[in-house]
file model-v4.cif (mmCIF, N, CA and C atoms)
data_input
loop_
_atom_site.label_atom_id
_atom_site.label_comp_id
_atom_site.auth_asym_id
_atom_site.auth_seq_id
_atom_site.Cartn_x
_atom_site.Cartn_y
_atom_site.Cartn_z
N MET A 1051 81.14 112.45 111.96
CA MET A 1051 82.21 113.36 112.31
C MET A 1051 83.09 113.63 111.10
N TYR A 1052 83.64 112.58 110.47
CA TYR A 1052 84.45 112.69 109.26
C TYR A 1052 83.75 111.94 108.12
N ASN A 1053 82.44 111.99 108.09
CA ASN A 1053 81.69 111.16 107.15
C ASN A 1053 81.92 111.49 105.68
N ASN A 1054 82.56 112.59 105.37
CA ASN A 1054 82.90 112.87 103.98
C ASN A 1054 84.40 112.68 103.72
N LYS A 1055 85.10 112.05 104.66
CA LYS A 1055 86.55 111.82 104.54
C LYS A 1055 86.84 110.33 104.50
N GLN A 1056 87.94 109.99 103.87
CA GLN A 1056 88.43 108.62 103.92
C GLN A 1056 89.68 108.60 104.80
N LEU A 1057 89.83 107.57 105.59
CA LEU A 1057 91.01 107.40 106.41
C LEU A 1057 91.96 106.47 105.66
N VAL A 1058 93.20 106.90 105.49
CA VAL A 1058 94.20 106.12 104.76
C VAL A 1058 95.33 105.79 105.73
N SER A 1059 95.62 104.51 105.87
CA SER A 1059 96.62 104.03 106.81
C SER A 1059 97.90 103.64 106.07
N PHE A 1060 99.04 104.06 106.63
CA PHE A 1060 100.35 103.72 106.10
C PHE A 1060 101.17 103.14 107.25
N GLY A 1061 101.95 102.10 107.00
CA GLY A 1061 102.76 101.54 108.07
C GLY A 1061 103.29 100.15 107.80
N ASP A 1062 103.51 99.43 108.89
CA ASP A 1062 104.15 98.11 108.83
C ASP A 1062 103.12 97.01 109.04
N SER A 1063 103.59 95.81 109.43
CA SER A 1063 102.69 94.66 109.58
C SER A 1063 101.64 94.88 110.67
N TRP A 1064 101.99 95.62 111.73
CA TRP A 1064 101.01 95.90 112.78
C TRP A 1064 99.86 96.72 112.21
N ALA A 1065 100.20 97.76 111.47
CA ALA A 1065 99.17 98.61 110.86
C ALA A 1065 98.36 97.84 109.82
N ARG A 1066 99.01 96.91 109.13
CA ARG A 1066 98.34 96.10 108.11
C ARG A 1066 97.35 95.13 108.76
N GLY A 1067 97.66 94.72 110.00
CA GLY A 1067 96.80 93.76 110.68
C GLY A 1067 97.23 92.33 110.41
N SER A 1068 98.50 92.14 110.10
CA SER A 1068 99.00 90.82 109.71
C SER A 1068 98.81 89.74 110.77
N SER A 1069 98.86 90.10 112.05
CA SER A 1069 98.75 89.09 113.10
C SER A 1069 97.32 88.92 113.62
N LEU A 1070 96.37 89.56 112.99
CA LEU A 1070 94.99 89.48 113.45
C LEU A 1070 94.32 88.19 112.99
N GLY A 1071 93.38 87.75 113.78
CA GLY A 1071 92.63 86.56 113.44
C GLY A 1071 91.40 86.91 112.61
N PRO A 1072 90.68 85.89 112.18
CA PRO A 1072 89.46 86.11 111.40
C PRO A 1072 88.46 86.99 112.17
N GLY A 1073 87.91 87.96 111.50
CA GLY A 1073 86.93 88.85 112.11
C GLY A 1073 87.52 90.01 112.88
N GLU A 1074 88.84 90.02 113.10
CA GLU A 1074 89.49 91.13 113.79
C GLU A 1074 89.88 92.20 112.78
N LYS A 1075 89.90 93.44 113.23
CA LYS A 1075 90.18 94.57 112.34
C LYS A 1075 91.43 95.30 112.80
N PRO A 1076 92.22 95.83 111.85
CA PRO A 1076 93.38 96.64 112.23
C PRO A 1076 92.94 97.95 112.88
N PHE A 1077 93.84 98.54 113.65
CA PHE A 1077 93.54 99.75 114.38
C PHE A 1077 92.98 100.85 113.47
N GLY A 1078 93.57 101.03 112.29
CA GLY A 1078 93.12 102.07 111.38
C GLY A 1078 91.66 101.91 110.99
N GLU A 1079 91.25 100.70 110.77
CA GLU A 1079 89.84 100.44 110.41
C GLU A 1079 88.92 100.74 111.59
N LEU A 1080 89.34 100.34 112.78
CA LEU A 1080 88.55 100.64 113.98
C LEU A 1080 88.43 102.15 114.18
N LEU A 1081 89.53 102.87 113.98
CA LEU A 1081 89.52 104.32 114.11
C LEU A 1081 88.62 104.95 113.05
N SER A 1082 88.70 104.44 111.84
CA SER A 1082 87.86 104.93 110.75
C SER A 1082 86.37 104.79 111.10
N GLU A 1083 86.01 103.65 111.67
CA GLU A 1083 84.63 103.43 112.09
C GLU A 1083 84.24 104.38 113.21
N LYS A 1084 85.13 104.56 114.18
CA LYS A 1084 84.86 105.44 115.32
C LYS A 1084 84.66 106.88 114.86
N LEU A 1085 85.47 107.32 113.89
CA LEU A 1085 85.37 108.69 113.36
C LEU A 1085 84.28 108.83 112.31
N GLN A 1086 83.64 107.73 111.99
CA GLN A 1086 82.57 107.69 110.99
C GLN A 1086 83.05 108.20 109.62
N CYS A 1087 84.23 107.73 109.23
CA CYS A 1087 84.77 108.08 107.91
C CYS A 1087 83.98 107.34 106.83
N SER A 1088 83.98 107.90 105.65
CA SER A 1088 83.22 107.29 104.56
C SER A 1088 83.91 106.05 104.00
N GLU A 1089 85.23 105.95 104.19
CA GLU A 1089 85.99 104.84 103.60
C GLU A 1089 87.28 104.64 104.38
N PHE A 1090 87.79 103.40 104.39
CA PHE A 1090 89.09 103.09 104.98
C PHE A 1090 89.95 102.42 103.92
N LEU A 1091 91.15 102.94 103.72
CA LEU A 1091 92.11 102.36 102.79
C LEU A 1091 93.37 102.02 103.57
N ASN A 1092 93.89 100.82 103.39
CA ASN A 1092 95.07 100.38 104.12
C ASN A 1092 96.22 100.15 103.14
N TYR A 1093 97.16 101.09 103.12
CA TYR A 1093 98.34 100.99 102.25
C TYR A 1093 99.54 100.42 103.01
N SER A 1094 99.34 99.97 104.23
CA SER A 1094 100.41 99.41 105.04
C SER A 1094 100.94 98.12 104.43
N HIS A 1095 102.20 97.83 104.74
CA HIS A 1095 102.84 96.64 104.19
C HIS A 1095 103.78 96.06 105.24
N PRO A 1096 103.74 94.74 105.45
CA PRO A 1096 104.64 94.12 106.43
C PRO A 1096 106.11 94.43 106.14
N ALA A 1097 106.90 94.51 107.20
CA ALA A 1097 108.34 94.77 107.13
C ALA A 1097 108.68 96.12 106.53
N SER A 1098 107.82 97.11 106.75
CA SER A 1098 108.08 98.46 106.23
C SER A 1098 109.05 99.21 107.13
N SER A 1099 109.66 100.22 106.54
CA SER A 1099 110.56 101.10 107.27
C SER A 1099 110.07 102.53 107.07
N ILE A 1100 110.72 103.46 107.74
CA ILE A 1100 110.34 104.87 107.58
C ILE A 1100 110.46 105.26 106.11
N ASN A 1101 111.52 104.83 105.44
CA ASN A 1101 111.69 105.17 104.03
C ASN A 1101 110.56 104.59 103.18
N HIS A 1102 110.09 103.40 103.54
CA HIS A 1102 109.04 102.77 102.75
C HIS A 1102 107.69 103.46 102.94
N LEU A 1103 107.52 104.18 104.06
CA LEU A 1103 106.27 104.94 104.26
C LEU A 1103 106.10 105.98 103.15
N THR A 1104 107.21 106.55 102.69
CA THR A 1104 107.11 107.53 101.59
C THR A 1104 106.70 106.84 100.30
N VAL A 1105 107.13 105.60 100.10
CA VAL A 1105 106.70 104.83 98.92
C VAL A 1105 105.20 104.56 98.99
N GLN A 1106 104.72 104.16 100.18
CA GLN A 1106 103.29 103.91 100.35
C GLN A 1106 102.49 105.18 100.08
N LEU A 1107 102.94 106.30 100.62
CA LEU A 1107 102.26 107.58 100.40
C LEU A 1107 102.27 107.94 98.92
N ASN A 1108 103.40 107.76 98.27
CA ASN A 1108 103.50 108.05 96.84
C ASN A 1108 102.55 107.18 96.02
N ASN A 1109 102.46 105.89 96.37
CA ASN A 1109 101.52 104.99 95.68
C ASN A 1109 100.09 105.48 95.83
N TYR A 1110 99.75 105.92 97.03
CA TYR A 1110 98.40 106.44 97.27
C TYR A 1110 98.16 107.71 96.45
N LEU A 1111 99.11 108.64 96.46
CA LEU A 1111 98.95 109.89 95.71
C LEU A 1111 98.87 109.64 94.21
N ASN A 1112 99.62 108.66 93.70
CA ASN A 1112 99.52 108.30 92.28
C ASN A 1112 98.12 107.80 91.95
N LYS A 1113 97.53 107.00 92.83
CA LYS A 1113 96.16 106.51 92.64
C LYS A 1113 95.17 107.67 92.63
N VAL A 1114 95.35 108.59 93.58
CA VAL A 1114 94.47 109.76 93.67
C VAL A 1114 94.55 110.58 92.39
N ASN A 1115 95.77 110.82 91.92
CA ASN A 1115 95.95 111.60 90.70
C ASN A 1115 95.39 110.89 89.48
N ALA A 1116 95.60 109.59 89.38
CA ALA A 1116 95.10 108.81 88.24
C ALA A 1116 93.58 108.83 88.19
N CYS A 1117 92.94 108.82 89.34
CA CYS A 1117 91.48 108.80 89.41
C CYS A 1117 90.90 110.21 89.50
N GLN A 1118 91.76 111.20 89.48
CA GLN A 1118 91.36 112.61 89.59
C GLN A 1118 90.50 112.85 90.83
N GLU A 1119 90.91 112.24 91.94
CA GLU A 1119 90.23 112.43 93.21
C GLU A 1119 90.83 113.62 93.94
N ASP A 1120 90.12 114.14 94.90
CA ASP A 1120 90.57 115.26 95.71
C ASP A 1120 91.26 114.73 96.97
N PRO A 1121 92.58 114.87 97.09
CA PRO A 1121 93.28 114.32 98.26
C PRO A 1121 92.92 115.03 99.56
N THR A 1122 92.27 116.19 99.50
CA THR A 1122 91.89 116.88 100.74
C THR A 1122 90.72 116.19 101.43
N HIS A 1123 90.16 115.16 100.79
CA HIS A 1123 89.09 114.39 101.41
C HIS A 1123 89.64 113.18 102.16
N SER A 1124 90.96 113.20 102.42
CA SER A 1124 91.61 112.07 103.08
C SER A 1124 92.25 112.51 104.39
N VAL A 1125 92.25 111.59 105.34
CA VAL A 1125 92.97 111.76 106.59
C VAL A 1125 94.02 110.66 106.62
N ALA A 1126 95.29 111.03 106.78
CA ALA A 1126 96.37 110.04 106.75
C ALA A 1126 96.77 109.64 108.17
N LEU A 1127 97.03 108.35 108.34
CA LEU A 1127 97.45 107.78 109.61
C LEU A 1127 98.70 106.96 109.35
N PHE A 1128 99.82 107.34 110.02
CA PHE A 1128 101.09 106.66 109.83
C PHE A 1128 101.46 105.88 111.08
N PHE A 1129 101.85 104.61 110.91
CA PHE A 1129 102.28 103.72 111.99
C PHE A 1129 103.69 103.22 111.70
N LEU A 1130 104.45 102.95 112.73
CA LEU A 1130 105.70 102.21 112.57
C LEU A 1130 106.11 101.62 113.89
#
call {"tool": "encode", "arguments": {"input": "model-v4.cif", "output": "structure tokens"}}
result
Amino acid sequence: MYNNKQLVSFGDSWARGSSLGPGEKPFGELLSEKLQCSEFLNYSHPASSINHLTVQLNNYLNKVNACQEDPTHSVALFFL
């Protein structure tokens, strides 16, 4: 379905999967698998706020620019 797209997750500890046990996956990764995305990237960070989501997005965009990747091949998922 989205096999040429990467799913990128931004959010807090829930989105990061901080409370998950061994072998459990965060929601973003499960969604990525369900949508058959080519890649899953998790930029989420525990104790994030709405303001910090922009920092996470900026970090991702800096990586994309540094690697000269095409950001239109990404689907963004924001949690809070």
call {"tool": "closest_atom_pairs", "arguments": {"input": "model-v4.cif", "of": "stretch 1053-1091 of chain A", "to": "stretch 1110-1119 of chain A", "cutoff": "12 Å", "atoms": "only C-alpha atoms", "output": "JSON lines"}}
result
{"residue": "A:Lys1055", "atom": "CA", "partner": "A:Glu1119", "partner_atom": "CA", "distance": 11.9}
{"residue": "A:Gln1056", "atom": "CA", "partner": "A:Glu1119", "partner_atom": "CA", "distance": 11.5}
{"residue": "A:Leu1057", "atom": "CA", "partner": "A:Tyr1110", "partner_atom": "CA", "distance": 11.8}
{"residue": "A:Val1058", "atom": "CA", "partner": "A:Tyr1110", "partner_atom": "CA", "distance": 8.6}
{"residue": "A:Ser1059", "atom": "CA", "partner": "A:Tyr1110", "partner_atom": "CA", "distance": 10.0}
{"residue": "A:Phe1060", "atom": "CA", "partner": "A:Tyr1110", "partner_atom": "CA", "distance": 9.4}
{"residue": "A:Leu1091", "atom": "CA", "partner": "A:Tyr1110", "partner_atom": "CA", "distance": 9.3}
call {"tool": "write_last_selection", "arguments": {"input": "model-v4.cif", "atoms": "N, CA and C atoms", "output": "PDB file, keeping the file's coordinate frame"}}
result
ATOM      1  N   LYS A1055      85.100 112.050 104.660  1.00  0.00           N
ATOM      2  CA  LYS A1055      86.550 111.820 104.540  1.00  0.00           C
ATOM      3  C   LYS A1055      86.840 110.330 104.500  1.00  0.00           C
ATOM      4  N   GLN A1056      87.940 109.990 103.870  1.00  0.00           N
ATOM      5  CA  GLN A1056      88.430 108.620 103.920  1.00  0.00           C
ATOM      6  C   GLN A1056      89.680 108.600 104.800  1.00  0.00           C
ATOM      7  N   LEU A1057      89.830 107.570 105.590  1.00  0.00           N
ATOM      8  CA  LEU A1057      91.010 107.400 106.410  1.00  0.00           C
ATOM      9  C   LEU A1057      91.960 106.470 105.660  1.00  0.00           C
ATOM     10  N   VAL A1058      93.200 106.900 105.490  1.00  0.00           N
ATOM     11  CA  VAL A1058      94.200 106.120 104.760  1.00  0.00           C
ATOM     12  C   VAL A1058      95.330 105.790 105.730  1.00  0.00           C
ATOM     13  N   SER A1059      95.620 104.510 105.870  1.00  0.00           N
ATOM     14  CA  SER A1059      96.620 104.030 106.810  1.00  0.00           C
ATOM     15  C   SER A1059      97.900 103.640 106.070  1.00  0.00           C
ATOM     16  N   PHE A1060      99.040 104.060 106.630  1.00  0.00           N
ATOM     17  CA  PHE A1060     100.350 103.720 106.100  1.00  0.00           C
ATOM     18  C   PHE A1060     101.170 103.140 107.250  1.00  0.00           C
ATOM     19  N   LEU A1091      91.150 102.940 103.720  1.00  0.00           N
ATOM     20  CA  LEU A1091      92.110 102.360 102.790  1.00  0.00           C
ATOM     21  C   LEU A1091      93.370 102.020 103.570  1.00  0.00           C
TER      22      LEU A1091
END
call {"tool": "atom_distance", "arguments": {"input": "model-v4.cif", "atom1": "atom C of A:Asp1062", "atom2": "atom N of A:Asp1120"}}
result
25.7 Å
call {"tool": "resolve_selection", "arguments": {"input": "model-v4.cif", "expression": "the PyMOL selection byres ((chain A and resi 1064) around 7)", "output": "list in words"}}
result
Gly1061, Asp1062, Ser1063, Ala1065, Arg1066, Gly1067, Ser1068, Ser1069, Pro1076, Phe1077, His1095, Pro1096 and Ala1097 of chain A
call {"tool": "select_by_dssp", "arguments": {"input": "model-v4.cif", "residues": "chain A", "states": "helix (DSSP H, G or I)", "output": "ChimeraX atom specification"}}
result
/A:1063-1066,1077-1084,1100-1116,1121-1123
call {"tool": "axis_aligned_box", "arguments": {"input": "model-v4.cif", "around": "stretch 1076-1095 of chain A", "padding_each_side": "8 Å", "output": "lines of an AutoDock Vina configuration file"}}
result
center_x = 93.2
center_y = 102.3
center_z = 108.8
size_x = 37.2
size_y = 29.0
size_z = 29.1
call {"tool": "atom_distance", "arguments": {"input": "model-v4.cif", "atom1": "atom CA of A:Thr1104", "atom2": "atom CA of A:Glu1079"}}
result
20.6 Å
call {"tool": "atom_distance", "arguments": {"input": "model-v4.cif", "atom1": "atom N of A:Ser1124", "atom2": "atom CA of A:Ser1098"}}
result
22.9 Å
call {"tool": "select_by_dssp", "arguments": {"input": "model-v4.cif", "residues": "chain A", "states": "strand (DSSP E or B)", "output": "VMD selection string"}}
result
chain A and resid 1056 to 1060 1089 to 1092 1124 to 1128
call {"tool": "closest_residue", "arguments": {"input": "model-v4.cif", "among": "A:Leu1070, A:Val1105, A:Ile1100, A:Leu1081", "to": "A:Leu1127", "atoms": "only C-alpha atoms"}}
result
A:Leu1081
call {"tool": "residues_near_point", "arguments": {"input": "model-v4.cif", "point": "(84.6, 108.2, 109.8)", "cutoff": "8 Å", "atoms": "all atoms listed in the file", "output": "compact mmCIF listing (two decimals) with N, CA and C atoms, keeping the file's coordinate frame"}}
result
# COMPACT_ATOMS: atom_id res chain seq x y z
N MET A 1051 81.14 112.45 111.96
CA MET A 1051 82.21 113.36 112.31
C MET A 1051 83.09 113.63 111.10
N TYR A 1052 83.64 112.58 110.47
CA TYR A 1052 84.45 112.69 109.26
C TYR A 1052 83.75 111.94 108.12
N ASN A 1053 82.44 111.99 108.09
CA ASN A 1053 81.69 111.16 107.15
C ASN A 1053 81.92 111.49 105.68
N ASN A 1054 82.56 112.59 105.37
CA ASN A 1054 82.90 112.87 103.98
C ASN A 1054 84.40 112.68 103.72
N LYS A 1055 85.10 112.05 104.66
CA LYS A 1055 86.55 111.82 104.54
C LYS A 1055 86.84 110.33 104.50
N GLN A 1056 87.94 109.99 103.87
CA GLN A 1056 88.43 108.62 103.92
C GLN A 1056 89.68 108.60 104.80
N LEU A 1057 89.83 107.57 105.59
CA LEU A 1057 91.01 107.40 106.41
C LEU A 1057 91.96 106.47 105.66
N LEU A 1081 89.53 102.87 113.98
CA LEU A 1081 89.52 104.32 114.11
C LEU A 1081 88.62 104.95 113.05
N SER A 1082 88.70 104.44 111.84
CA SER A 1082 87.86 104.93 110.75
C SER A 1082 86.37 104.79 111.10
N GLU A 1083 86.01 103.65 111.67
CA GLU A 1083 84.63 103.43 112.09
C GLU A 1083 84.24 104.38 113.21
N LYS A 1084 85.13 104.56 114.18
CA LYS A 1084 84.86 105.44 115.32
C LYS A 1084 84.66 106.88 114.86
N LEU A 1085 85.47 107.32 113.89
CA LEU A 1085 85.37 108.69 113.36
C LEU A 1085 84.28 108.83 112.31
N GLN A 1086 83.64 107.73 111.99
CA GLN A 1086 82.57 107.69 110.99
C GLN A 1086 83.05 108.20 109.62
N CYS A 1087 84.23 107.73 109.23
CA CYS A 1087 84.77 108.08 107.91
C CYS A 1087 83.98 107.34 106.83
N SER A 1088 83.98 107.90 105.65
CA SER A 1088 83.22 107.29 104.56
C SER A 1088 83.91 106.05 104.00
N GLU A 1089 85.23 105.95 104.19
CA GLU A 1089 85.99 104.84 103.60
C GLU A 1089 87.28 104.64 104.38
N PHE A 1090 87.79 103.40 104.39
CA PHE A 1090 89.09 103.09 104.98
C PHE A 1090 89.95 102.42 103.92
call {"tool": "build_atoms", "arguments": {"input": "model-v4.cif", "residues": "stretch 1076-1091 of chain A", "atoms": "N, CA, C and O atoms", "output": "PDB file, in the frame of the given file"}}
result
ATOM      1  N   PRO A1076      92.220  95.830 111.850  1.00  0.00           N
ATOM      2  CA  PRO A1076      93.380  96.640 112.230  1.00  0.00           C
ATOM      3  C   PRO A1076      92.940  97.950 112.880  1.00  0.00           C
ATOM      4  O   PRO A1076      91.815  98.419 112.672  1.00  0.00           O
ATOM      5  N   PHE A1077      93.840  98.540 113.650  1.00  0.00           N
ATOM      6  CA  PHE A1077      93.540  99.750 114.380  1.00  0.00           C
ATOM      7  C   PHE A1077      92.980 100.850 113.470  1.00  0.00           C
ATOM      8  O   PHE A1077      92.034 101.542 113.834  1.00  0.00           O
ATOM      9  N   GLY A1078      93.570 101.030 112.290  1.00  0.00           N
ATOM     10  CA  GLY A1078      93.120 102.070 111.380  1.00  0.00           C
ATOM     11  C   GLY A1078      91.660 101.910 110.990  1.00  0.00           C
ATOM     12  O   GLY A1078      90.913 102.894 110.891  1.00  0.00           O
ATOM     13  N   GLU A1079      91.250 100.700 110.770  1.00  0.00           N
ATOM     14  CA  GLU A1079      89.840 100.440 110.410  1.00  0.00           C
ATOM     15  C   GLU A1079      88.920 100.740 111.590  1.00  0.00           C
ATOM     16  O   GLU A1079      87.843 101.312 111.415  1.00  0.00           O
ATOM     17  N   LEU A1080      89.340 100.340 112.780  1.00  0.00           N
ATOM     18  CA  LEU A1080      88.550 100.640 113.980  1.00  0.00           C
ATOM     19  C   LEU A1080      88.430 102.150 114.180  1.00  0.00           C
ATOM     20  O   LEU A1080      87.350 102.662 114.502  1.00  0.00           O
ATOM     21  N   LEU A1081      89.530 102.870 113.980  1.00  0.00           N
ATOM     22  CA  LEU A1081      89.520 104.320 114.110  1.00  0.00           C
ATOM     23  C   LEU A1081      88.620 104.950 113.050  1.00  0.00           C
ATOM     24  O   LEU A1081      87.847 105.873 113.336  1.00  0.00           O
ATOM     25  N   SER A1082      88.700 104.440 111.840  1.00  0.00           N
ATOM     26  CA  SER A1082      87.860 104.930 110.750  1.00  0.00           C
ATOM     27  C   SER A1082      86.370 104.790 111.100  1.00  0.00           C
ATOM     28  O   SER A1082      85.578 105.701 110.872  1.00  0.00           O
ATOM     29  N   GLU A1083      86.010 103.650 111.670  1.00  0.00           N
ATOM     30  CA  GLU A1083      84.630 103.430 112.090  1.00  0.00           C
ATOM     31  C   GLU A1083      84.240 104.380 113.210  1.00  0.00           C
ATOM     32  O   GLU A1083      83.151 104.961 113.204  1.00  0.00           O
ATOM     33  N   LYS A1084      85.130 104.560 114.180  1.00  0.00           N
ATOM     34  CA  LYS A1084      84.860 105.440 115.320  1.00  0.00           C
ATOM     35  C   LYS A1084      84.660 106.880 114.860  1.00  0.00           C
ATOM     36  O   LYS A1084      83.806 107.593 115.386  1.00  0.00           O
ATOM     37  N   LEU A1085      85.470 107.320 113.890  1.00  0.00           N
ATOM     38  CA  LEU A1085      85.370 108.690 113.360  1.00  0.00           C
ATOM     39  C   LEU A1085      84.280 108.830 112.310  1.00  0.00           C
ATOM     40  O   LEU A1085      84.057 109.912 111.805  1.00  0.00           O
ATOM     41  N   GLN A1086      83.640 107.730 111.990  1.00  0.00           N
ATOM     42  CA  GLN A1086      82.570 107.690 110.990  1.00  0.00           C
ATOM     43  C   GLN A1086      83.050 108.200 109.620  1.00  0.00           C
ATOM     44  O   GLN A1086      82.378 108.985 108.951  1.00  0.00           O
ATOM     45  N   CYS A1087      84.230 107.730 109.230  1.00  0.00           N
ATOM     46  CA  CYS A1087      84.770 108.080 107.910  1.00  0.00           C
ATOM     47  C   CYS A1087      83.980 107.340 106.830  1.00  0.00           C
ATOM     48  O   CYS A1087      83.407 106.281 107.081  1.00  0.00           O
ATOM     49  N   SER A1088      83.980 107.900 105.650  1.00  0.00           N
ATOM     50  CA  SER A1088      83.220 107.290 104.560  1.00  0.00           C
ATOM     51  C   SER A1088      83.910 106.050 104.000  1.00  0.00           C
ATOM     52  O   SER A1088      83.253 105.191 103.404  1.00  0.00           O
ATOM     53  N   GLU A1089      85.230 105.950 104.190  1.00  0.00           N
ATOM     54  CA  GLU A1089      85.990 104.840 103.600  1.00  0.00           C
ATOM     55  C   GLU A1089      87.280 104.640 104.380  1.00  0.00           C
ATOM     56  O   GLU A1089      87.840 105.584 104.944  1.00  0.00           O
ATOM     57  N   PHE A1090      87.790 103.400 104.390  1.00  0.00           N
ATOM     58  CA  PHE A1090      89.090 103.090 104.980  1.00  0.00           C
ATOM     59  C   PHE A1090      89.950 102.420 103.920  1.00  0.00           C
ATOM     60  O   PHE A1090      89.533 101.447 103.288  1.00  0.00           O
ATOM     61  N   LEU A1091      91.150 102.940 103.720  1.00  0.00           N
ATOM     62  CA  LEU A1091      92.110 102.360 102.790  1.00  0.00           C
ATOM     63  C   LEU A1091      93.370 102.020 103.570  1.00  0.00           C
ATOM     64  O   LEU A1091      93.874 102.853 104.328  1.00  0.00           O
TER      65      LEU A1091
END
